[in-house]
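Q: Got my_file-v4.txt for you, compact mmCIF, C-alpha atoms:
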```
# COMPACT_ATOMS: atom_id res chain seq x y z
CA MET A 1 264.10 70.56 70.11
CA LYS A 2 266.99 69.17 68.10
CA LEU A 3 268.86 68.20 71.29
CA LYS A 4 265.71 66.60 72.72
CA SER A 5 265.17 64.58 69.55
CA THR A 6 268.79 63.45 69.56
CA LEU A 7 268.59 62.30 73.20
CA THR A 8 265.27 60.50 72.59
CA ALA A 9 266.66 58.72 69.56
CA SER A 10 269.78 57.72 71.49
CA ALA A 11 267.68 56.35 74.38
CA ILE A 12 265.55 54.27 72.02
CA ALA A 13 268.62 52.93 70.23
CA LEU A 14 270.24 52.01 73.53
CA ALA A 15 267.10 50.25 74.74
CA LEU A 16 266.86 48.25 71.53
CA ALA A 17 270.53 47.33 71.62
CA SER A 18 270.56 46.31 75.30
CA PRO A 19 269.65 42.69 76.11
CA ALA A 20 266.46 42.18 78.16
CA PHE A 21 267.06 41.70 81.86
CA ALA A 22 267.13 38.05 82.84
CA ALA A 23 266.86 36.66 86.34
CA GLU A 24 269.92 34.89 87.72
CA VAL A 25 267.77 31.98 88.88
CA GLU A 26 264.56 30.73 87.30
CA TRP A 27 262.54 27.90 88.83
CA LYS A 28 259.29 26.27 87.85
CA MET A 29 257.36 25.20 90.96
CA THR A 30 254.69 22.52 91.03
CA ALA A 31 251.94 22.43 93.65
CA ALA A 32 249.93 19.85 95.56
CA ILE A 33 246.86 22.07 95.21
CA GLY A 34 244.90 23.58 92.36
CA GLU A 35 245.70 26.95 90.87
CA GLY A 36 243.47 29.71 92.20
CA SER A 37 242.61 28.00 95.47
CA PHE A 38 242.96 29.87 98.76
CA LEU A 39 245.99 27.83 99.80
CA TYR A 40 247.62 28.25 96.39
CA GLN A 41 247.24 32.03 96.53
CA ASN A 42 248.07 32.44 100.20
CA PHE A 43 251.17 30.22 100.31
CA MET A 44 252.55 29.48 96.87
CA GLU A 45 251.89 32.67 94.91
CA ARG A 46 252.72 34.78 97.95
CA PHE A 47 256.10 33.06 98.31
CA ALA A 48 256.92 33.49 94.62
CA ASP A 49 256.01 37.18 94.77
CA ASN A 50 258.01 37.74 97.96
CA VAL A 51 261.09 36.05 96.49
CA GLU A 52 260.90 38.28 93.43
CA MET A 53 260.50 41.39 95.60
CA ILE A 54 263.21 40.62 98.16
CA THR A 55 265.77 39.43 95.61
CA GLN A 56 264.93 42.45 93.40
CA ASP A 57 264.06 40.17 90.48
CA ARG A 58 267.26 38.14 90.71
CA VAL A 59 265.16 35.02 91.33
CA ASN A 60 262.02 34.24 89.36
CA ILE A 61 259.74 31.40 90.49
CA LYS A 62 256.85 30.41 88.23
CA PRO A 63 254.12 28.50 90.11
CA PHE A 64 251.94 25.85 88.49
CA GLY A 65 248.85 24.22 89.97
CA ALA A 66 248.46 20.52 90.66
CA GLY A 67 248.20 18.40 87.54
CA VAL A 68 249.96 20.81 85.20
CA LEU A 69 253.56 19.67 85.71
CA ALA A 70 252.96 16.83 88.17
CA PRO A 71 250.03 15.17 89.98
CA ALA A 72 248.91 16.67 93.29
CA PHE A 73 250.51 13.97 95.45
CA LYS A 74 253.73 13.72 93.40
CA ALA A 75 255.29 17.14 94.00
CA TYR A 76 258.18 15.76 96.06
CA GLU A 77 258.97 13.07 93.50
CA ALA A 78 258.80 15.57 90.64
CA VAL A 79 261.56 17.64 92.25
CA GLN A 80 263.65 14.61 93.16
CA ASP A 81 263.37 13.31 89.58
CA GLY A 82 264.39 16.65 88.10
CA ILE A 83 261.08 17.19 86.30
CA VAL A 84 260.73 20.58 87.96
CA GLU A 85 263.10 22.71 90.03
CA ALA A 86 260.83 23.41 93.01
CA GLY A 87 257.77 21.98 94.69
CA HIS A 88 255.15 23.12 97.16
CA SER A 89 253.31 20.66 99.38
CA THR A 90 252.65 19.58 102.95
CA PRO A 91 254.36 16.84 104.99
CA SER A 92 250.87 15.49 105.63
CA TYR A 93 250.98 13.81 102.23
CA LEU A 94 254.12 11.87 103.18
CA VAL A 95 252.91 10.37 106.46
CA ASN A 96 252.39 6.92 104.90
CA GLN A 97 256.00 6.93 103.70
CA ASP A 98 257.39 8.06 107.06
CA PRO A 99 255.23 9.00 110.07
CA THR A 100 257.85 11.53 111.17
CA ASN A 101 256.17 13.84 108.67
CA ALA A 102 253.06 13.94 110.87
CA ILE A 103 254.89 15.88 113.57
CA PHE A 104 255.80 18.65 111.17
CA ALA A 105 252.37 18.57 109.53
CA SER A 106 250.58 18.58 112.91
CA PHE A 107 248.38 15.78 114.17
CA PRO A 108 245.44 15.18 116.54
CA GLY A 109 246.62 16.36 119.94
CA GLY A 110 249.21 18.66 118.45
CA MET A 111 250.02 22.26 119.27
CA SER A 112 247.97 25.36 118.63
CA PRO A 113 248.90 27.50 115.60
CA GLU A 114 250.59 30.07 117.86
CA ALA A 115 252.71 27.50 119.66
CA THR A 116 253.51 25.70 116.39
CA MET A 117 254.95 28.85 114.85
CA HIS A 118 257.15 29.42 117.86
CA TRP A 119 258.40 25.81 117.84
CA VAL A 120 259.15 25.94 114.12
CA TYR A 121 261.17 29.14 114.20
CA GLU A 122 262.44 29.35 117.77
CA GLY A 123 262.32 25.76 119.04
CA GLY A 124 264.29 24.16 116.23
CA GLY A 125 261.39 22.72 114.24
CA GLU A 126 262.38 24.06 110.85
CA ALA A 127 266.02 23.05 111.34
CA MET A 128 264.90 19.48 112.11
CA LEU A 129 262.64 19.45 109.04
CA GLN A 130 265.52 20.63 106.86
CA GLU A 131 267.82 17.95 108.23
CA PHE A 132 265.10 15.34 107.69
CA ARG A 133 264.49 16.39 104.08
CA ARG A 134 268.22 16.55 103.30
CA ASP A 135 269.10 13.17 104.77
CA ASP A 136 266.06 11.21 103.60
CA MET A 137 265.09 12.88 100.32
CA GLY A 138 268.05 14.96 99.16
CA LEU A 139 265.91 18.11 99.36
CA HIS A 140 266.23 21.51 100.98
CA SER A 141 263.03 22.64 102.70
CA LEU A 142 261.72 26.12 103.47
CA VAL A 143 258.63 26.57 105.61
CA VAL A 144 256.33 28.99 103.75
CA GLY A 145 253.09 28.65 105.67
CA ILE A 146 251.69 27.73 109.08
CA GLY A 147 247.94 27.59 109.21
CA THR A 148 245.26 28.22 111.77
CA SER A 149 243.03 25.42 113.09
CA GLU A 150 240.86 23.63 110.54
CA ILE A 151 237.17 22.80 110.48
CA MET A 152 237.00 19.20 111.70
CA ALA A 153 234.40 18.27 109.13
CA HIS A 154 231.80 19.43 106.68
CA SER A 155 229.48 16.51 107.07
CA ASN A 156 226.31 14.88 105.84
CA VAL A 157 226.00 13.15 109.23
CA LYS A 158 225.92 14.71 112.68
CA ILE A 159 229.07 13.96 114.66
CA GLU A 160 228.78 14.85 118.33
CA THR A 161 230.77 12.05 119.96
CA VAL A 162 233.58 9.73 118.93
CA ALA A 163 231.02 6.93 118.77
CA ASP A 164 229.39 8.80 115.87
CA LEU A 165 232.57 8.29 113.83
CA GLN A 166 231.96 4.55 113.55
CA GLY A 167 231.60 3.61 109.88
CA VAL A 168 231.78 7.22 108.63
CA LYS A 169 233.37 7.55 105.19
CA TYR A 170 235.74 10.43 105.80
CA ARG A 171 237.94 12.31 103.34
CA THR A 172 241.16 13.11 105.20
CA SER A 173 244.91 12.54 105.10
CA GLY A 174 247.94 12.20 107.33
CA ALA A 175 247.85 11.03 110.92
CA PHE A 176 244.12 11.65 111.34
CA ALA A 177 243.35 9.00 108.75
CA ALA A 178 245.20 6.38 110.81
CA VAL A 179 243.66 7.56 114.09
CA LEU A 180 240.16 7.48 112.63
CA GLN A 181 240.54 3.96 111.33
CA GLU A 182 242.47 2.43 114.20
CA ASN A 183 240.66 4.04 117.13
CA PHE A 184 237.19 5.04 116.02
CA GLY A 185 236.17 2.67 113.22
CA ALA A 186 235.82 5.32 110.52
CA VAL A 187 236.69 4.69 106.88
CA PRO A 188 239.24 7.28 105.68
CA THR A 189 239.89 8.07 102.05
CA VAL A 190 242.42 10.44 100.48
CA VAL A 191 241.57 12.47 97.38
CA PRO A 192 243.04 15.71 95.99
CA GLY A 193 241.46 18.98 97.06
CA ASN A 194 239.87 19.72 93.69
CA GLU A 195 237.79 16.52 93.90
CA ILE A 196 236.38 17.02 97.40
CA TYR A 197 233.34 19.17 96.62
CA THR A 198 231.91 16.77 94.05
CA LEU A 199 232.62 13.78 96.27
CA LEU A 200 230.75 15.35 99.18
CA GLN A 201 227.90 16.59 97.02
CA ARG A 202 227.32 13.14 95.52
CA ASN A 203 227.59 11.39 98.91
CA GLY A 204 230.74 9.60 97.84
CA VAL A 205 231.86 10.33 101.40
CA ASP A 206 229.96 11.21 104.56
CA ALA A 207 232.36 13.88 105.77
CA VAL A 208 235.39 15.83 104.61
CA GLU A 209 238.10 17.86 106.23
CA TRP A 210 240.08 20.24 104.09
CA SER A 211 241.27 23.42 105.72
CA THR A 212 240.39 26.47 107.76
CA PRO A 213 237.09 28.40 107.70
CA GLY A 214 238.62 31.07 105.46
CA ALA A 215 239.81 28.51 102.94
CA ASN A 216 236.74 26.27 103.10
CA ILE A 217 234.11 28.93 102.53
CA SER A 218 235.40 29.58 99.03
CA GLU A 219 235.11 25.85 98.30
CA GLY A 220 231.39 25.89 99.13
CA PHE A 221 231.35 22.72 101.24
CA HIS A 222 228.69 24.23 103.52
CA GLU A 223 226.36 24.47 100.55
CA VAL A 224 226.26 20.70 100.03
CA ALA A 225 226.64 19.38 103.60
CA PRO A 226 224.29 20.40 106.44
CA TYR A 227 226.75 20.15 109.37
CA MET A 228 230.02 21.81 110.34
CA ILE A 229 231.84 19.82 113.03
CA MET A 230 234.18 21.67 115.42
CA PRO A 231 236.69 22.20 116.98
CA GLY A 232 239.47 21.21 114.61
CA VAL A 233 241.33 18.94 117.00
CA HIS A 234 242.26 16.64 114.12
CA GLN A 235 244.46 19.40 112.66
CA PRO A 236 245.09 22.15 115.22
CA SER A 237 247.59 23.72 112.84
CA PHE A 238 249.39 22.73 109.65
CA LEU A 239 252.56 23.43 107.74
CA TRP A 240 253.38 23.78 104.05
CA GLU A 241 256.85 23.86 102.59
CA VAL A 242 258.71 24.70 99.41
CA PHE A 243 261.54 22.36 98.48
CA VAL A 244 264.31 22.09 95.91
CA LYS A 245 267.09 19.59 95.46
CA GLN A 246 269.82 20.11 98.04
CA GLU A 247 272.37 20.46 95.23
CA THR A 248 270.20 23.18 93.65
CA TRP A 249 270.16 25.05 96.94
CA ASP A 250 273.87 24.58 97.55
CA ALA A 251 274.65 26.02 94.11
CA LEU A 252 273.01 29.35 94.99
CA PRO A 253 275.17 32.26 96.13
CA ALA A 254 275.05 32.72 99.89
CA ASP A 255 273.31 36.09 99.61
CA LEU A 256 270.48 34.61 97.53
CA GLN A 257 270.07 31.76 100.01
CA GLY A 258 269.60 34.35 102.75
CA LEU A 259 267.16 36.42 100.72
CA ILE A 260 265.03 33.43 99.70
CA THR A 261 264.98 32.24 103.31
CA ALA A 262 263.79 35.68 104.38
CA ALA A 263 261.07 35.60 101.72
CA ALA A 264 259.87 32.25 103.03
CA LYS A 265 259.66 33.50 106.60
CA LEU A 266 257.83 36.65 105.49
CA SER A 267 255.38 34.46 103.58
CA THR A 268 254.69 32.43 106.72
CA TYR A 269 253.92 35.56 108.73
CA GLU A 270 251.77 37.18 106.04
CA SER A 271 249.82 34.02 105.28
CA PHE A 272 249.21 33.37 108.99
CA THR A 273 247.58 36.75 109.55
CA ARG A 274 245.64 36.36 106.30
CA PHE A 275 244.32 33.01 107.52
CA GLY A 276 243.20 34.37 110.88
CA ASP A 277 241.49 37.39 109.37
CA SER A 278 239.79 35.32 106.67
CA ASP A 279 238.68 32.70 109.21
CA ILE A 280 236.79 35.18 111.37
CA LYS A 281 235.10 36.75 108.36
CA ALA A 282 234.19 33.30 107.08
CA MET A 283 232.66 32.26 110.38
CA VAL A 284 230.41 35.33 110.23
CA GLU A 285 229.21 34.21 106.79
CA PHE A 286 228.78 30.59 107.89
CA ARG A 287 226.48 31.79 110.68
CA LYS A 288 224.29 33.49 108.10
CA SER A 289 223.95 30.27 106.08
CA ASP A 290 221.77 27.22 106.70
CA VAL A 291 224.66 25.09 107.93
CA GLU A 292 224.37 23.80 111.50
CA PHE A 293 227.35 24.24 113.84
CA VAL A 294 228.10 21.10 115.85
CA VAL A 295 230.63 21.67 118.62
CA MET A 296 231.86 18.43 120.14
CA ASP A 297 231.98 18.29 123.92
CA SER A 298 235.52 18.87 125.19
CA ALA A 299 235.60 15.42 126.82
CA GLU A 300 234.83 13.82 123.45
CA SER A 301 237.27 15.88 121.42
CA GLU A 302 239.96 15.19 124.03
CA LYS A 303 239.59 11.48 123.22
CA ILE A 304 240.66 12.29 119.67
CA ARG A 305 243.58 14.39 120.91
CA GLU A 306 244.83 11.66 123.21
CA ALA A 307 244.43 9.00 120.52
CA GLY A 308 246.56 11.19 118.22
CA ARG A 309 249.33 11.58 120.78
CA ASP A 310 249.24 7.82 121.49
CA TRP A 311 249.52 7.16 117.74
CA ALA A 312 252.55 9.44 117.45
CA ARG A 313 254.26 7.84 120.46
CA ALA A 314 253.63 4.34 119.10
CA GLN A 315 254.98 5.26 115.66
CA ALA A 316 258.11 6.81 117.18
CA ALA A 317 258.71 3.76 119.36
CA ALA A 318 258.34 1.44 116.36
CA GLN A 319 260.79 3.52 114.35
CA THR A 320 263.31 3.48 117.20
CA GLU A 321 262.98 -0.27 117.57
CA ALA A 322 263.68 -0.59 113.85
CA GLY A 323 266.91 1.36 114.32
CA ASN A 324 265.77 4.87 113.37
CA ALA A 325 265.53 7.24 116.32
CA ARG A 326 264.81 10.40 114.30
CA MET A 327 261.05 10.46 114.85
CA GLN A 328 261.49 9.99 118.60
CA SER A 329 263.93 12.89 118.70
CA VAL A 330 261.59 15.19 116.78
CA LEU A 331 258.57 14.08 118.81
CA ASP A 332 260.40 14.66 122.09
CA SER A 333 261.24 18.19 121.00
CA TYR A 334 257.67 18.83 119.89
CA LEU A 335 255.90 17.42 122.96
CA THR A 336 258.33 19.10 125.35
CA TYR A 337 257.69 22.45 123.69
CA GLN A 338 253.94 21.83 123.80
CA SER A 339 254.08 20.89 127.47
CA ASP A 340 256.17 23.94 128.38
CA TRP A 341 253.87 26.21 126.40
CA ALA A 342 250.72 24.80 128.02
CA ALA A 343 252.19 24.95 131.53
CA ASN A 344 253.29 28.55 131.22
CA ALA A 345 250.68 30.20 129.01
CA SER A 346 248.33 31.34 131.77
CA TYR A 347 249.50 34.94 131.31
CA LEU A 348 248.13 35.02 127.75
CA VAL A 349 244.82 36.77 127.14
CA ARG A 350 242.35 34.83 125.01
CA ASP A 351 239.42 36.51 123.24
CA SER A 352 236.42 34.23 123.54
CA ALA A 353 232.65 34.55 123.52
CA GLU A 354 232.49 32.46 126.69
```
How would this structure read if it were set down as structure tokens?
A:
Amino acid sequence: MKLKSTLTASAIALALASPAFAAEVEWKMTAAIGEGSFLYQNFMERFADNVEMITQDRVNIKPFGAGVLAPAFKAYEAVQDGIVEAGHSTPSYLVNQDPTNAIFASFPGGMSPEATMHWVYEGGGEAMLQEFRRDDMGLHSLVVGIGTSEIMAHSNVKIETVADLQGVKYRTSGAFAAVLQENFGAVPTVVPGNEIYTLLQRNGVDAVEWSTPGANISEGFHEVAPYMIMPGVHQPSFLWEVFVKQETWDALPADLQGLITAAAKLSTYESFTRFGDSDIKAMVEFRKSDVEFVVMDSAESEKIREAGRDWARAQAAAQTEAGNARMQSVLDSYLTYQSDWAANASYLVRDSAE
């Protein structure tokens, strides 16, 4: 008993004398979405947890929702200005600054989620995004999420053809906003995600697009809008990234760079399967609700897809004419991969009710 007491006392004394473990790297990370949302949990919190696990607590990332450290649409600027070490957002919110972002974010007429993931990791997409962020913004980017196809709209008006888009007040962002306005006479507006429900409920807009079925069901859009418009050709997939200053990244030991990169890739895989699983479960619940499914005819939705590809080609050509060929290079890579995938995917089995 005396020996046991002595050892216990020694252990307590040692614990009290030893300094608390501190991570080698600590980052605060601001988000473009609200804390607790499906996207926040599935991308941002997942990445932070995976980094902590894979680095064995050597890196600690503390996530904060939109509006806590920086406004929703100012995550990139907050990192560039040194207000916060890391940010989490989507290239979709930077399309107005540089349309090259639309290719990484996906756009009407873009690739399926499956093909997008392959292009990002095997076709050079992420490497081109990292080069783009480094050269244009002084940031290092890590892809942390690739999403499944979105719901085209939760809507107060029935949209069956592109003609029905004329004059529709539509909450959206990125390339689809430009395509809607320029090609179909809709009136796009951009608001943060946490304002969409109230805007739709109060008829401040006629229609909204936000995310996938699994993400949208928790937002309750189907409870305040009678129609769900599909398929999600406006956003066949999407990409979210985490970014830090390039100098911050370069200062990390090489082993930590590798471990954080691995955590990002793991987060993409895990969030992708979570999206798909949640989407199917959500669609089951949507069918039990009073919302009406409106599936656009393929000939009509193809008009949106082609308008999106035409928009991307026109933007790339304009950039090249102005002396910047980057967008054309990225678009060529993207469209070539899409074409090769489509031309050679006949071996793939597709589960469909039809």
Q: For each of A:Phe286, A:Tyr334, A:Tyr269, A:Phe221, take the minimum atom-to-atom distance to Ala312 of chain A, counting all atoms listed in the file, then give the residue where this is smallest.
A: A:Tyr334
Q: Residues of segment 66-140 of chain A that approach segment 178-192 of chain A to 12 Å or less, counting only C-alpha atoms: could you list each one with the shortest pair of atoms and its distance in Å to one decimal, rows by chain and increasing residue number, as JSON lines?
A:
```
{"residue": "A:Ala66", "atom": "CA", "partner": "A:Pro192", "partner_atom": "CA", "distance": 9.0}
{"residue": "A:Gly67", "atom": "CA", "partner": "A:Pro192", "partner_atom": "CA", "distance": 10.3}
{"residue": "A:Pro71", "atom": "CA", "partner": "A:Pro192", "partner_atom": "CA", "distance": 9.2}
{"residue": "A:Ala72", "atom": "CA", "partner": "A:Pro192", "partner_atom": "CA", "distance": 6.5}
{"residue": "A:Phe73", "atom": "CA", "partner": "A:Pro192", "partner_atom": "CA", "distance": 7.7}
{"residue": "A:Lys74", "atom": "CA", "partner": "A:Pro192", "partner_atom": "CA", "distance": 11.2}
{"residue": "A:Ser89", "atom": "CA", "partner": "A:Pro192", "partner_atom": "CA", "distance": 11.9}
{"residue": "A:Ser92", "atom": "CA", "partner": "A:Val190", "partner_atom": "CA", "distance": 11.1}
{"residue": "A:Tyr93", "atom": "CA", "partner": "A:Val190", "partner_atom": "CA", "distance": 9.4}
{"residue": "A:Val95", "atom": "CA", "partner": "A:Ala178", "partner_atom": "CA", "distance": 9.7}
{"residue": "A:Asn96", "atom": "CA", "partner": "A:Ala178", "partner_atom": "CA", "distance": 9.3}
{"residue": "A:Pro99", "atom": "CA", "partner": "A:Ala178", "partner_atom": "CA", "distance": 10.4}
{"residue": "A:Ala102", "atom": "CA", "partner": "A:Ala178", "partner_atom": "CA", "distance": 10.9}
{"residue": "A:Phe107", "atom": "CA", "partner": "A:Val179", "partner_atom": "CA", "distance": 9.5}
{"residue": "A:Pro108", "atom": "CA", "partner": "A:Val179", "partner_atom": "CA", "distance": 8.2}
{"residue": "A:Gly109", "atom": "CA", "partner": "A:Val179", "partner_atom": "CA", "distance": 11.0}
```
Q: Can you list, as a count of residues only, every protein, DNA or RNA residue that comes within 9 Å of Leu129 of chain A when you count only C-alpha atoms, leaving out same-chain residues fewer than 5 positions away?
A: 9
Q: In Å, how far is it from atom CA of Pro113 of chain A to atom CA of Gly36 of chain A?
A: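 It comes out at 24.1 Å.
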Q: Under the rule that all atoms listed in the file are counted, which of A:Ala215, A:Met230, A:Ala342, A:Ala325 is the nearest residue to Asp279 of chain A?
A: A:Ala215
Q: Considering only C-alpha atoms, return as a tab-separated table (two decimals) with C-alpha atoms, keeping the file's coordinate frame whatever protein or nucleic-acid residues lie within 12 Å of Ser339 of chain A, sequence-local ones (same chain, fewer than 3 positions apart) excluded.
A:
```tsv
chain	number	residue	atom	x	y	z
A	109	GLY	CA	246.62	16.36	119.94
A	110	GLY	CA	249.21	18.66	118.45
A	111	MET	CA	250.02	22.26	119.27
A	112	SER	CA	247.97	25.36	118.63
A	115	ALA	CA	252.71	27.50	119.66
A	119	TRP	CA	258.40	25.81	117.84
A	331	LEU	CA	258.57	14.08	118.81
A	332	ASP	CA	260.40	14.66	122.09
A	333	SER	CA	261.24	18.19	121.00
A	334	TYR	CA	257.67	18.83	119.89
A	335	LEU	CA	255.90	17.42	122.96
A	336	THR	CA	258.33	19.10	125.35
A	342	ALA	CA	250.72	24.80	128.02
A	343	ALA	CA	252.19	24.95	131.53
A	344	ASN	CA	253.29	28.55	131.22
A	345	ALA	CA	250.68	30.20	129.01
```
Q: Extract, using all atoms listed in the file, all DNA, RNA and protein residues at most 12 Å from Glu285 of chain A, discarding same-chain residues fewer than 3 positions from it, and format them as an MDAnalysis selection string.
A: chainID A and resid 213:214 216:218 220 222:223 278:282 288:291
Q: So that I can check the surroundings of Lys62 of chain A, please list as JSON, numbers by chain every protein, DNA and RNA residue that reaches within 7 Å of it, counting only C-alpha atoms and ignoring chain neighbours fewer than 6 positions away.
A: {"A": [27, 28, 29]}
Q: I'd like a table as a Markdown table: residues in segment 227-253 of chain A with an atom no more than 9 Å from segment 294-298 of chain A, each row giving the shortest atom pair and its distance in Å to one decimal, only C-alpha atoms counted, sorted by chain and rising residue number.
A:
```
| residue | atom | partner | partner_atom | distance |
| --- | --- | --- | --- | --- |
| A:Tyr227 | CA | A:Val294 | CA | 6.7 |
| A:Met228 | CA | A:Val294 | CA | 5.9 |
| A:Ile229 | CA | A:Val294 | CA | 4.9 |
| A:Met230 | CA | A:Val295 | CA | 4.8 |
| A:Pro231 | CA | A:Val295 | CA | 6.3 |
```
Q: Applying 6 Å and all atoms listed in the file, which residues near Phe238 of chain A remain after dropping the ones on its own chain fewer than 4 positions away? List them as a PyMOL selection string.
A: chain A and resi 105-106+146-147
Q: So which one's closest to Val208 of chain A, A:Leu348, A:Val242, A:Ile196, A:Ala353? Using all atoms listed in the file, please.
A: A:Ile196
Q: Rounded to one decimal, what separation in Å do you get between atom CA of Glu35 of chain A and atom CA of His88 of chain A?
A: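 Between atom CA of Glu35 of chain A and atom CA of His88 of chain A the gap works out to 12.0 Å.
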Q: Return as a Markdown table the residues of segment 158-271 of chain A lying at most 9 Å from segment 37-61 of chain A, together with the closest atom-to-atom pair for each and the distance in Å to one decimal, counting only C-alpha atoms, with rows in chain order and ascending residue number.
A:
```
| residue | atom | partner | partner_atom | distance |
| --- | --- | --- | --- | --- |
| A:Asn194 | CA | A:Ser37 | CA | 8.9 |
| A:Ser211 | CA | A:Leu39 | CA | 8.8 |
| A:Gly214 | CA | A:Phe38 | CA | 8.1 |
| A:Ala215 | CA | A:Phe38 | CA | 5.4 |
| A:Asn216 | CA | A:Phe38 | CA | 8.4 |
| A:Ser218 | CA | A:Phe38 | CA | 7.6 |
| A:Glu219 | CA | A:Ser37 | CA | 8.3 |
| A:Trp240 | CA | A:Phe43 | CA | 7.8 |
| A:Glu241 | CA | A:Phe43 | CA | 8.8 |
| A:Val242 | CA | A:Met44 | CA | 8.2 |
| A:Leu256 | CA | A:Thr55 | CA | 7.0 |
| A:Leu259 | CA | A:Thr55 | CA | 6.1 |
| A:Ile260 | CA | A:Val51 | CA | 5.7 |
| A:Thr261 | CA | A:Val51 | CA | 8.7 |
| A:Ala262 | CA | A:Ile54 | CA | 8.0 |
| A:Ala263 | CA | A:Val51 | CA | 5.2 |
| A:Ala264 | CA | A:Phe47 | CA | 6.1 |
| A:Leu266 | CA | A:Asn50 | CA | 7.6 |
| A:Ser267 | CA | A:Phe47 | CA | 5.5 |
| A:Thr268 | CA | A:Phe43 | CA | 7.6 |
| A:Glu270 | CA | A:Asn42 | CA | 8.4 |
| A:Ser271 | CA | A:Asn42 | CA | 5.6 |
```
